[in-house]
Amino acid sequence: LDKKDFSGIVIEIDIKRDLPHHIRYDDGDTEWTNLNYRKFEIVGEAKKTSNSADKLKVDTAVSVWWPLDKKEFSGIVIEIDIKRDLPHHIRYDDGDTEWTNLNYRKFEIVGEAKKTSNSADKLKVDTA
């Protein structure tokens, strides 16, 4: 058995479900579980990071800390949907994408995304 502790945040509770507690772990994984049958410790309320995610806009370049990998990964905010539990959609430089909540992740704003020379505003439609 794996006896490690994993830190996370309860992001939703739905008492109508068999597994009513939705947990988002610090590594970004999520799971529905029933904490009534799991050993856990309440360590406090989730704290927002000092870098306010409220400043983020689409096309903001960010560097996000991944605690399990113990390093930062650079990417671009490609979408923000404040109605979601995980409102920030990031496309990392390696091509991976992730929905996350940067309010509760360690990250840095490193600038605005650079537009490529293949800019869509140069496209023309052939109407012939």
# chains A, B, ... in the order shown; residues from 1 in each chain; ligands from 1
call {"tool": "residues_around", "arguments": {"residues": "A:Lys57", "least_positions_apart": "5", "cutoff": "10 Å", "atoms": "only C-alpha atoms", "output": "PDB file with N, CA, C and O atoms, in the first residue's frame"}}
result
ATOM      1  N   ILE A  76       1.245  29.349 -22.033  1.00  0.00           N
ATOM      2  CA  ILE A  76       0.424  30.499 -22.379  1.00  0.00           C
ATOM      3  C   ILE A  76      -1.002  30.236 -21.892  1.00  0.00           C
ATOM      4  O   ILE A  76      -1.522  29.130 -22.059  1.00  0.00           O
ATOM      5  N   VAL A  77      -1.630  31.254 -21.307  1.00  0.00           N
ATOM      6  CA  VAL A  77      -3.049  31.156 -20.952  1.00  0.00           C
ATOM      7  C   VAL A  77      -3.825  31.265 -22.263  1.00  0.00           C
ATOM      8  O   VAL A  77      -3.754  32.281 -22.944  1.00  0.00           O
ATOM      9  N   ILE A  78      -4.536  30.178 -22.621  1.00  0.00           N
ATOM     10  CA  ILE A  78      -5.252  30.183 -23.897  1.00  0.00           C
ATOM     11  C   ILE A  78      -6.752  30.404 -23.738  1.00  0.00           C
ATOM     12  O   ILE A  78      -7.436  30.694 -24.713  1.00  0.00           O
ATOM     13  N   GLU A  79      -7.242  30.273 -22.509  1.00  0.00           N
ATOM     14  CA  GLU A  79      -8.661  30.494 -22.262  1.00  0.00           C
ATOM     15  C   GLU A  79      -8.872  30.712 -20.767  1.00  0.00           C
ATOM     16  O   GLU A  79      -8.168  30.126 -19.948  1.00  0.00           O
ATOM     17  N   ILE A  80      -9.844  31.549 -20.429  1.00  0.00           N
ATOM     18  CA  ILE A  80     -10.240  31.755 -19.031  1.00  0.00           C
ATOM     19  C   ILE A  80     -11.755  31.663 -18.973  1.00  0.00           C
ATOM     20  O   ILE A  80     -12.448  32.352 -19.720  1.00  0.00           O
ATOM     21  N   HIS A  88      -8.530  28.373 -15.582  1.00  0.00           N
ATOM     22  CA  HIS A  88      -7.418  28.792 -16.445  1.00  0.00           C
ATOM     23  C   HIS A  88      -6.956  27.637 -17.325  1.00  0.00           C
ATOM     24  O   HIS A  88      -6.529  26.609 -16.821  1.00  0.00           O
ATOM     25  N   GLU A 112       3.561  38.713 -22.213  1.00  0.00           N
ATOM     26  CA  GLU A 112       2.480  38.381 -23.131  1.00  0.00           C
ATOM     27  C   GLU A 112       3.008  37.437 -24.185  1.00  0.00           C
ATOM     28  O   GLU A 112       4.180  37.468 -24.536  1.00  0.00           O
TER      29      GLU A 112
END
call {"tool": "residues_around", "arguments": {"residues": "A:Thr100", "least_positions_apart": "2", "cutoff": "7 Å", "atoms": "only C-alpha atoms", "output": "JSON list (two decimals) with all heavy atoms, in the first residue's frame"}}
result
[["chain", "number", "residue", "atom", "x", "y", "z"],
["A", 86, "LEU", "N", -11.84, 25.02, -12.35],
["A", 86, "LEU", "CA", -10.46, 25.19, -12.85],
["A", 86, "LEU", "C", -10.56, 26.15, -14.03],
["A", 86, "LEU", "O", -10.68, 25.73, -15.18],
["A", 86, "LEU", "CB", -9.89, 23.83, -13.26],
["A", 86, "LEU", "CG", -9.93, 22.75, -12.18],
["A", 86, "LEU", "CD1", -9.49, 21.40, -12.74],
["A", 86, "LEU", "CD2", -9.07, 23.13, -10.99],
["A", 87, "PRO", "N", -10.52, 27.46, -13.78],
["A", 87, "PRO", "CA", -10.86, 28.44, -14.82],
["A", 87, "PRO", "C", -9.77, 28.78, -15.82],
["A", 87, "PRO", "O", -10.05, 29.44, -16.82],
["A", 87, "PRO", "CB", -11.23, 29.69, -14.01],
["A", 87, "PRO", "CG", -10.41, 29.57, -12.76],
["A", 87, "PRO", "CD", -10.34, 28.09, -12.47],
["A", 88, "HIS", "N", -8.53, 28.37, -15.58],
["A", 88, "HIS", "CA", -7.42, 28.79, -16.44],
["A", 88, "HIS", "C", -6.96, 27.64, -17.32],
["A", 88, "HIS", "O", -6.53, 26.61, -16.82],
["A", 88, "HIS", "CB", -6.25, 29.30, -15.59],
["A", 88, "HIS", "CG", -6.68, 30.37, -14.65],
["A", 88, "HIS", "ND1", -6.80, 30.15, -13.29],
["A", 88, "HIS", "CD2", -7.06, 31.65, -14.86],
["A", 88, "HIS", "CE1", -7.21, 31.27, -12.72],
["A", 88, "HIS", "NE2", -7.39, 32.18, -13.64],
["A", 89, "HIS", "N", -7.04, 27.83, -18.64],
["A", 89, "HIS", "CA", -6.60, 26.82, -19.60],
["A", 89, "HIS", "C", -5.21, 27.22, -20.10],
["A", 89, "HIS", "O", -5.05, 28.27, -20.71],
["A", 89, "HIS", "CB", -7.60, 26.75, -20.76],
["A", 89, "HIS", "CG", -7.48, 25.51, -21.58],
["A", 89, "HIS", "ND1", -8.18, 25.35, -22.74],
["A", 89, "HIS", "CD2", -6.76, 24.37, -21.41],
["A", 89, "HIS", "CE1", -7.89, 24.17, -23.26],
["A", 89, "HIS", "NE2", -7.04, 23.57, -22.47],
["A", 98, "GLU", "N", -3.72, 22.06, -20.00],
["A", 98, "GLU", "CA", -4.28, 21.76, -18.68],
["A", 98, "GLU", "C", -5.26, 22.85, -18.29],
["A", 98, "GLU", "O", -5.00, 24.04, -18.48],
["A", 98, "GLU", "CB", -3.14, 21.72, -17.65],
["A", 98, "GLU", "CG", -3.61, 21.76, -16.22],
["A", 98, "GLU", "CD", -2.51, 21.98, -15.21],
["A", 98, "GLU", "OE1", -1.63, 22.84, -15.41],
["A", 98, "GLU", "OE2", -2.55, 21.28, -14.19],
["A", 102, "LEU", "N", -5.10, 28.89, -11.18],
["A", 102, "LEU", "CA", -3.83, 29.51, -10.79],
["A", 102, "LEU", "C", -3.94, 30.34, -9.51],
["A", 102, "LEU", "O", -2.92, 30.75, -8.97],
["A", 102, "LEU", "CB", -3.27, 30.34, -11.95],
["A", 102, "LEU", "CG", -2.80, 29.50, -13.14],
["A", 102, "LEU", "CD1", -2.39, 30.41, -14.30],
["A", 102, "LEU", "CD2", -1.67, 28.58, -12.76]]
call {"tool": "atom_distance", "arguments": {"atom1": "atom CA of A:Val64", "atom2": "atom CA of A:Tyr104"}}
result
11.0 Å
call {"tool": "closest_residue", "arguments": {"among": "A:Ile82, A:Leu68, A:Ile42, A:Ile23", "to": "A:Asp54", "atoms": "only C-alpha atoms"}}
result
A:Ile82
call {"tool": "closest_residue", "arguments": {"among": "A:Ile13, A:Leu35, A:Ala53, A:Val43", "to": "A:Ile109", "atoms": "only C-alpha atoms"}}
result
A:Ala53
call {"tool": "residues_around", "arguments": {"residues": "A:Glu31", "least_positions_apart": "2", "cutoff": "10 Å", "atoms": "only C-alpha atoms", "output": "ChimeraX atom specification"}}
result
/A:10,19,21-25,29,33-34
call {"tool": "atom_distance", "arguments": {"atom1": "atom CA of A:Asp5", "atom2": "atom CA of A:Thr97"}}
result
26.3 Å
call {"tool": "closest_residue", "arguments": {"among": "A:Glu108, A:Asp59, A:Asp69, A:Asp96", "to": "A:Asp26", "atoms": "only C-alpha atoms"}}
result
A:Asp69
call {"tool": "closest_residue", "arguments": {"among": "A:Gly75, A:Asn101, A:Lys39, A:Leu56", "to": "A:Lys4", "atoms": "only C-alpha atoms"}}
result
A:Lys39
call {"tool": "residues_around", "arguments": {"residues": "A:Trp65", "least_positions_apart": "3", "cutoff": "7 Å", "atoms": "only C-alpha atoms", "output": "number ranges by chain"}}
result
A: 71-73, 106-107
call {"tool": "atom_distance", "arguments": {"atom1": "atom CA of A:Pro20", "atom2": "atom CA of A:Glu41"}}
result
17.3 Å
call {"tool": "closest_residue", "arguments": {"among": "A:Phe40, A:Asp85, A:Gly28, A:Val110", "to": "A:Ile11", "atoms": "only C-alpha atoms"}}
result
A:Asp85
call {"tool": "decode", "arguments": {"residues": "stretch 64-77 of chain A", "atoms": "all heavy atoms", "output": "tab-separated table (two decimals), in the first residue's frame"}}
result
chain	number	residue	atom	x	y	z
A	64	VAL	N	4.59	27.96	-14.47
A	64	VAL	CA	3.82	27.31	-13.41
A	64	VAL	C	4.69	26.27	-12.70
A	64	VAL	O	5.32	25.44	-13.34
A	64	VAL	CB	2.55	26.64	-13.98
A	64	VAL	CG1	1.73	26.01	-12.86
A	64	VAL	CG2	1.70	27.65	-14.75
A	65	TRP	N	4.72	26.33	-11.38
A	65	TRP	CA	5.49	25.38	-10.56
A	65	TRP	C	4.72	24.07	-10.47
A	65	TRP	O	3.53	24.04	-10.16
A	65	TRP	CB	5.71	25.95	-9.17
A	65	TRP	CG	6.38	25.00	-8.24
A	65	TRP	CD1	5.81	24.33	-7.20
A	65	TRP	CD2	7.76	24.61	-8.25
A	65	TRP	NE1	6.74	23.55	-6.58
A	65	TRP	CE2	7.95	23.69	-7.20
A	65	TRP	CE3	8.85	24.94	-9.06
A	65	TRP	CZ2	9.18	23.11	-6.92
A	65	TRP	CZ3	10.07	24.36	-8.79
A	65	TRP	CH2	10.23	23.47	-7.73
A	66	TRP	N	5.42	22.97	-10.75
A	66	TRP	CA	4.88	21.62	-10.59
A	66	TRP	C	5.62	20.97	-9.44
A	66	TRP	O	6.78	20.58	-9.57
A	66	TRP	CB	5.07	20.83	-11.89
A	66	TRP	CG	4.07	21.22	-12.92
A	66	TRP	CD1	4.00	22.41	-13.59
A	66	TRP	CD2	2.98	20.44	-13.39
A	66	TRP	NE1	2.94	22.42	-14.45
A	66	TRP	CE2	2.30	21.22	-14.35
A	66	TRP	CE3	2.53	19.17	-13.10
A	66	TRP	CZ2	1.17	20.74	-15.01
A	66	TRP	CZ3	1.41	18.70	-13.77
A	66	TRP	CH2	0.75	19.49	-14.71
A	67	PRO	N	4.98	20.84	-8.25
A	67	PRO	CA	5.69	20.37	-7.07
A	67	PRO	C	6.22	18.94	-7.17
A	67	PRO	O	7.29	18.65	-6.64
A	67	PRO	CB	4.65	20.49	-5.94
A	67	PRO	CG	3.35	20.66	-6.60
A	67	PRO	CD	3.59	21.20	-7.97
A	68	LEU	N	5.51	18.05	-7.85
A	68	LEU	CA	6.02	16.67	-7.95
A	68	LEU	C	7.25	16.59	-8.85
A	68	LEU	O	8.16	15.80	-8.59
A	68	LEU	CB	4.94	15.72	-8.45
A	68	LEU	CG	3.81	15.46	-7.47
A	68	LEU	CD1	2.80	14.47	-8.04
A	68	LEU	CD2	4.33	14.95	-6.14
A	69	ASP	N	7.28	17.40	-9.90
A	69	ASP	CA	8.45	17.44	-10.79
A	69	ASP	C	9.54	18.34	-10.24
A	69	ASP	O	10.67	18.33	-10.73
A	69	ASP	CB	8.04	17.93	-12.18
A	69	ASP	CG	7.10	16.97	-12.89
A	69	ASP	OD1	7.37	15.76	-12.85
A	69	ASP	OD2	6.10	17.43	-13.46
A	70	LYS	N	9.16	19.15	-9.25
A	70	LYS	CA	10.08	20.11	-8.63
A	70	LYS	C	10.72	21.05	-9.65
A	70	LYS	O	11.91	21.35	-9.59
A	70	LYS	CB	11.15	19.39	-7.81
A	70	LYS	CG	10.55	18.65	-6.64
A	70	LYS	CD	11.59	17.99	-5.78
A	70	LYS	CE	10.88	17.31	-4.63
A	70	LYS	NZ	11.64	16.34	-3.96
A	71	LYS	N	9.90	21.51	-10.60
A	71	LYS	CA	10.38	22.50	-11.57
A	71	LYS	C	9.20	23.26	-12.16
A	71	LYS	O	8.05	22.88	-11.98
A	71	LYS	CB	11.23	21.85	-12.65
A	71	LYS	CG	10.54	20.87	-13.54
A	71	LYS	CD	11.57	20.32	-14.54
A	71	LYS	CE	10.92	19.44	-15.57
A	71	LYS	NZ	11.88	19.00	-16.57
A	72	GLU	N	9.55	24.33	-12.84
A	72	GLU	CA	8.54	25.17	-13.48
A	72	GLU	C	8.40	24.80	-14.94
A	72	GLU	O	9.37	24.38	-15.58
A	72	GLU	CB	8.94	26.65	-13.37
A	72	GLU	CG	8.95	27.15	-11.95
A	72	GLU	CD	9.35	28.62	-11.85
A	72	GLU	OE1	9.87	29.18	-12.83
A	72	GLU	OE2	9.13	29.20	-10.78
A	73	PHE	N	7.18	24.96	-15.45
A	73	PHE	CA	6.93	24.75	-16.86
A	73	PHE	C	6.30	26.01	-17.42
A	73	PHE	O	5.39	26.58	-16.82
A	73	PHE	CB	5.98	23.56	-17.07
A	73	PHE	CG	6.63	22.23	-16.76
A	73	PHE	CD1	6.53	21.69	-15.49
A	73	PHE	CD2	7.34	21.55	-17.73
A	73	PHE	CE1	7.12	20.47	-15.20
A	73	PHE	CE2	7.94	20.33	-17.45
A	73	PHE	CZ	7.83	19.79	-16.18
A	74	SER	N	6.80	26.46	-18.57
A	74	SER	CA	6.30	27.68	-19.20
A	74	SER	C	5.15	27.36	-20.14
A	74	SER	O	5.12	26.30	-20.77
A	74	SER	CB	7.43	28.35	-19.99
A	74	SER	OG	8.44	28.75	-19.12
A	75	GLY	N	4.24	28.32	-20.23
A	75	GLY	CA	3.10	28.14	-21.12
A	75	GLY	C	2.36	29.45	-21.34
A	75	GLY	O	2.80	30.50	-20.87
A	76	ILE	N	1.25	29.35	-22.03
A	76	ILE	CA	0.42	30.50	-22.38
A	76	ILE	C	-1.00	30.24	-21.89
A	76	ILE	O	-1.52	29.13	-22.06
A	76	ILE	CB	0.38	30.70	-23.92
A	76	ILE	CG1	1.78	30.85	-24.51
A	76	ILE	CG2	-0.52	31.87	-24.32
A	76	ILE	CD1	2.52	32.08	-24.08
A	77	VAL	N	-1.63	31.25	-21.31
A	77	VAL	CA	-3.05	31.16	-20.95
A	77	VAL	C	-3.82	31.27	-22.26
A	77	VAL	O	-3.75	32.28	-22.94
A	77	VAL	CB	-3.47	32.28	-19.99
A	77	VAL	CG1	-4.95	32.20	-19.68
A	77	VAL	CG2	-2.65	32.23	-18.71
